[in-house]
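So the structure is just underneath, and the comments pick up after that.
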Amino acid sequence: MSSAFIISDVHLTQMASPTGEALLSLIRKAQTEASLFVILGDLFDLWVGSGEAFQKEYQPLINELVKLRMKCPVYYFEGNHDFHLKRFWVDKMKFDIFLGPHEFEFGGLKIRAEHGDEINRRDYGYLFLRKFLRTLVLKFLIENVPSSLVSRIGQKASKVSREYTSGLKNQSVRILREYGLKMLKSRDFDLLVTGHTHIADDSEVLWKDKKVRFINLGSWFDGPHYLSVSSNGEIELLKI
């Protein structure tokens, strides 16, 4: 039975690590068992643009992802640690890249997926920063300065971003659930799945005579895991 595999917030920093080994194991499993693979952002602790420094560091993973893409579609949602992905991940890898929320159907379920960094509309500072990081000027600079320099600057910014995200724990669950209810007023879906906050949450509401689930996948800092959606609509959170 084929399934959709969904992951988020792996924050991979190097291949020679338990996280790197677990991720390779999952990708190889997906090559034989998945008919859709979804990355909800922050697969890497840092990847911006198409720099050779990133490609060199993660070449073993890229090799396995090439094999996976030959077997099934791969959806990659930009996160706050990995963005400006088109030049490499679309043009070369042939992934489907999403800059924001995207809705699709799988296993008879209507699924709304997103990284989740735009959910808190009152986080004005972050939303401004997010918009700035995606300007054409900054994109041009990222693609035209040495990738090693981009990597060094990005590593410092990445650390600040993680510290900031960890400070939102107390309110993230409430914000996700309120957001889910708000979206249901204008959108029709059975499952909302997000990441970003690193706070795992799984709740269910009854909406217009049907059950709808809101799931935040947390992060791999709490151990490697993925969400499996089977071809008949069964949803499971599985450890690797």
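Residue numbers start at 1 in each chain; chains themselves are named A, B, ... in the order of the structure tokens; ligands are numbered from 1 in the order shown.
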Near Val74 of chain A, counting only C-alpha atoms, which residues have an atom at most 7 Å away, once you skip same-chain residues fewer than 5 positions from it, shown as a PyMOL selection string? chain A and resi 36-38+69+95-96
How would the residues just chosen look if you wrote them out with N, CA, C and O atoms as a PDB file, in the first residue's frame?
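The new file part33.pdb reads:
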```
ATOM      1  N   LEU A  36       4.148   9.751  -2.673  1.00  0.00           N
ATOM      2  CA  LEU A  36       4.308  11.197  -2.550  1.00  0.00           C
ATOM      3  C   LEU A  36       5.195  11.461  -1.342  1.00  0.00           C
ATOM      4  O   LEU A  36       5.015  10.837  -0.290  1.00  0.00           O
ATOM      5  N   PHE A  37       6.146  12.379  -1.496  1.00  0.00           N
ATOM      6  CA  PHE A  37       7.025  12.742  -0.383  1.00  0.00           C
ATOM      7  C   PHE A  37       6.930  14.245  -0.199  1.00  0.00           C
ATOM      8  O   PHE A  37       7.123  15.014  -1.146  1.00  0.00           O
ATOM      9  N   VAL A  38       6.648  14.663   1.035  1.00  0.00           N
ATOM     10  CA  VAL A  38       6.410  16.084   1.322  1.00  0.00           C
ATOM     11  C   VAL A  38       7.395  16.565   2.382  1.00  0.00           C
ATOM     12  O   VAL A  38       7.506  15.968   3.456  1.00  0.00           O
ATOM     13  N   ARG A  69      12.904  10.978  -6.459  1.00  0.00           N
ATOM     14  CA  ARG A  69      12.128  11.775  -7.422  1.00  0.00           C
ATOM     15  C   ARG A  69      11.792  10.961  -8.667  1.00  0.00           C
ATOM     16  O   ARG A  69      10.780  11.219  -9.333  1.00  0.00           O
ATOM     17  N   PHE A  95      11.831  19.104  -8.292  1.00  0.00           N
ATOM     18  CA  PHE A  95      10.876  19.082  -7.189  1.00  0.00           C
ATOM     19  C   PHE A  95       9.781  20.118  -7.460  1.00  0.00           C
ATOM     20  O   PHE A  95       9.957  21.051  -8.238  1.00  0.00           O
ATOM     21  N   ASP A  96       8.652  19.956  -6.768  1.00  0.00           N
ATOM     22  CA  ASP A  96       7.620  20.989  -6.733  1.00  0.00           C
ATOM     23  C   ASP A  96       7.876  21.851  -5.505  1.00  0.00           C
ATOM     24  O   ASP A  96       7.829  21.343  -4.378  1.00  0.00           O
TER      25      ASP A  96
END
```
Which polymer residues have any atom within 7 Å of an atom of Gly79 of chain A, counting only C-alpha atoms, with same-chain residues fewer than 5 positions away left out, as JSON, numbers by chain? {"A": [41, 42, 115]}
Export of the given selection (N, CA and C atoms) as a PDB file, in the first residue's frame:
```pdb
ATOM      1  N   GLY A  41       9.538  22.182   4.950  1.00  0.00           N
ATOM      2  CA  GLY A  41      10.472  23.249   5.272  1.00  0.00           C
ATOM      3  C   GLY A  41      11.470  22.897   6.352  1.00  0.00           C
ATOM      4  N   ASP A  42      12.561  23.651   6.382  1.00  0.00           N
ATOM      5  CA  ASP A  42      13.655  23.464   7.335  1.00  0.00           C
ATOM      6  C   ASP A  42      14.194  22.035   7.316  1.00  0.00           C
ATOM      7  N   HIS A 115       4.635  25.369   5.843  1.00  0.00           N
ATOM      8  CA  HIS A 115       5.683  25.351   6.854  1.00  0.00           C
ATOM      9  C   HIS A 115       5.146  25.860   8.180  1.00  0.00           C
TER      10      HIS A 115
END
```
Check the DSSP output for the backbone and give back, as a PyMOL selection string, the residues of chain A in alpha helix (DSSP H). chain A and resi 18-33+52-57+59-71+124-133+136-144+147-166+169-184
Could you check which of A:Val10, A:Met93, A:Leu192, A:Leu237 is closest to Leu109 of chain A, using only C-alpha atoms?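 Going through A:Val10, A:Met93, A:Leu192, A:Leu237 one by one, the smallest distance to Leu109 of chain A is for A:Leu192.
Summary of the local environment: counting only C-alpha atoms, residues at most 12 Å from Leu181 of chain A, other than itself and those fewer than 6 positions away along its chain, are A:Arg174, A:Ile175, A:Arg187, A:Asp188, A:Phe189, A:Asp190, A:Leu191, A:Leu192, A:Ser203, A:Glu204, A:Val205, A:Leu206, A:Trp207, A:Lys208, A:Val212, A:Arg213, A:Phe214.
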For the selection you just gave me, I'd like the residues written to a file as a PDB file, in the first residue's frame, keeping N, CA, C and O atoms.
```
ATOM      1  N   ARG A 174      -1.947  27.108  20.803  1.00  0.00           N
ATOM      2  CA  ARG A 174      -3.189  27.890  20.718  1.00  0.00           C
ATOM      3  C   ARG A 174      -3.306  28.580  19.362  1.00  0.00           C
ATOM      4  O   ARG A 174      -4.370  28.568  18.734  1.00  0.00           O
ATOM      5  N   ILE A 175      -2.216  29.168  18.899  1.00  0.00           N
ATOM      6  CA  ILE A 175      -2.240  29.893  17.634  1.00  0.00           C
ATOM      7  C   ILE A 175      -2.548  28.956  16.471  1.00  0.00           C
ATOM      8  O   ILE A 175      -3.329  29.288  15.575  1.00  0.00           O
ATOM      9  N   ARG A 187     -11.991  27.576   3.720  1.00  0.00           N
ATOM     10  CA  ARG A 187     -11.386  26.481   2.977  1.00  0.00           C
ATOM     11  C   ARG A 187     -11.985  25.152   3.428  1.00  0.00           C
ATOM     12  O   ARG A 187     -12.416  25.009   4.577  1.00  0.00           O
ATOM     13  N   ASP A 188     -11.960  24.172   2.542  1.00  0.00           N
ATOM     14  CA  ASP A 188     -12.479  22.842   2.858  1.00  0.00           C
ATOM     15  C   ASP A 188     -11.316  21.858   2.892  1.00  0.00           C
ATOM     16  O   ASP A 188     -10.695  21.590   1.862  1.00  0.00           O
ATOM     17  N   PHE A 189     -10.996  21.342   4.062  1.00  0.00           N
ATOM     18  CA  PHE A 189      -9.923  20.351   4.159  1.00  0.00           C
ATOM     19  C   PHE A 189     -10.197  19.399   5.316  1.00  0.00           C
ATOM     20  O   PHE A 189     -10.998  19.690   6.222  1.00  0.00           O
ATOM     21  N   ASP A 190      -9.524  18.253   5.289  1.00  0.00           N
ATOM     22  CA  ASP A 190      -9.675  17.239   6.327  1.00  0.00           C
ATOM     23  C   ASP A 190      -8.476  17.205   7.274  1.00  0.00           C
ATOM     24  O   ASP A 190      -8.577  16.719   8.397  1.00  0.00           O
ATOM     25  N   LEU A 191      -7.335  17.701   6.780  1.00  0.00           N
ATOM     26  CA  LEU A 191      -6.105  17.665   7.563  1.00  0.00           C
ATOM     27  C   LEU A 191      -5.296  18.921   7.305  1.00  0.00           C
ATOM     28  O   LEU A 191      -5.042  19.282   6.155  1.00  0.00           O
ATOM     29  N   LEU A 192      -4.920  19.600   8.374  1.00  0.00           N
ATOM     30  CA  LEU A 192      -3.976  20.713   8.318  1.00  0.00           C
ATOM     31  C   LEU A 192      -2.681  20.227   8.949  1.00  0.00           C
ATOM     32  O   LEU A 192      -2.672  19.797  10.104  1.00  0.00           O
ATOM     33  N   SER A 203      -4.587  17.724  17.223  1.00  0.00           N
ATOM     34  CA  SER A 203      -5.926  17.968  17.767  1.00  0.00           C
ATOM     35  C   SER A 203      -6.968  17.689  16.693  1.00  0.00           C
ATOM     36  O   SER A 203      -6.662  17.633  15.500  1.00  0.00           O
ATOM     37  N   GLU A 204      -8.171  17.523  17.130  1.00  0.00           N
ATOM     38  CA  GLU A 204      -9.271  17.189  16.222  1.00  0.00           C
ATOM     39  C   GLU A 204     -10.491  18.025  16.565  1.00  0.00           C
ATOM     40  O   GLU A 204     -10.807  18.233  17.741  1.00  0.00           O
ATOM     41  N   VAL A 205     -11.167  18.524  15.535  1.00  0.00           N
ATOM     42  CA  VAL A 205     -12.396  19.292  15.742  1.00  0.00           C
ATOM     43  C   VAL A 205     -13.498  18.700  14.873  1.00  0.00           C
ATOM     44  O   VAL A 205     -13.225  18.049  13.858  1.00  0.00           O
ATOM     45  N   LEU A 206     -14.712  18.926  15.272  1.00  0.00           N
ATOM     46  CA  LEU A 206     -15.870  18.532  14.473  1.00  0.00           C
ATOM     47  C   LEU A 206     -16.353  19.765  13.731  1.00  0.00           C
ATOM     48  O   LEU A 206     -16.731  20.768  14.348  1.00  0.00           O
ATOM     49  N   TRP A 207     -16.305  19.702  12.409  1.00  0.00           N
ATOM     50  CA  TRP A 207     -16.660  20.866  11.599  1.00  0.00           C
ATOM     51  C   TRP A 207     -17.638  20.435  10.503  1.00  0.00           C
ATOM     52  O   TRP A 207     -17.307  19.620   9.653  1.00  0.00           O
ATOM     53  N   LYS A 208     -18.851  20.942  10.581  1.00  0.00           N
ATOM     54  CA  LYS A 208     -19.876  20.630   9.591  1.00  0.00           C
ATOM     55  C   LYS A 208     -20.029  19.122   9.407  1.00  0.00           C
ATOM     56  O   LYS A 208     -19.971  18.587   8.289  1.00  0.00           O
ATOM     57  N   VAL A 212     -11.970  17.005  11.541  1.00  0.00           N
ATOM     58  CA  VAL A 212     -10.817  17.632  10.901  1.00  0.00           C
ATOM     59  C   VAL A 212      -9.654  17.644  11.896  1.00  0.00           C
ATOM     60  O   VAL A 212      -9.829  17.994  13.064  1.00  0.00           O
ATOM     61  N   ARG A 213      -8.464  17.253  11.429  1.00  0.00           N
ATOM     62  CA  ARG A 213      -7.296  17.216  12.310  1.00  0.00           C
ATOM     63  C   ARG A 213      -6.319  18.340  11.983  1.00  0.00           C
ATOM     64  O   ARG A 213      -6.095  18.665  10.815  1.00  0.00           O
ATOM     65  N   PHE A 214      -5.773  18.919  13.056  1.00  0.00           N
ATOM     66  CA  PHE A 214      -4.698  19.902  12.946  1.00  0.00           C
ATOM     67  C   PHE A 214      -3.447  19.261  13.544  1.00  0.00           C
ATOM     68  O   PHE A 214      -3.421  18.921  14.726  1.00  0.00           O
TER      69      PHE A 214
END
```
Between atom CA of Met183 of chain A and atom CA of Lys211 of chain A, measure the distance and give it in Å to one decimal.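 We find that atom CA of Met183 of chain A and atom CA of Lys211 of chain A lie 14.5 Å from each other.
Interatomic distance, atom CA of Leu61 of chain A against atom CA of Asp45 of chain A: 14.2 Å.
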Residues of segment 168-233 of chain A at most 9 Å from segment 16-26 of chain A: nearest atom pair and distance in Å, only C-alpha atoms, as JSON lines:
```
{"residue": "A:Trp220", "atom": "CA", "partner": "A:Thr19", "partner_atom": "CA", "distance": 7.8}
{"residue": "A:Gly223", "atom": "CA", "partner": "A:Thr19", "partner_atom": "CA", "distance": 8.4}
{"residue": "A:Pro224", "atom": "CA", "partner": "A:Ala22", "partner_atom": "CA", "distance": 6.7}
{"residue": "A:His225", "atom": "CA", "partner": "A:Leu26", "partner_atom": "CA", "distance": 8.9}
{"residue": "A:Tyr226", "atom": "CA", "partner": "A:Leu26", "partner_atom": "CA", "distance": 8.6}
```
Distance in Å - atom CA of Ser3 of chain A versus atom CA of Ser186 of chain A: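 Those two atoms sit 27.8 Å apart.
Compared by their closest atoms to Ala34 of chain A, and using only C-alpha atoms, the residues A:Asn120, A:Asn63, A:Ser2, A:Ser8 rank with A:Ser2 nearest.
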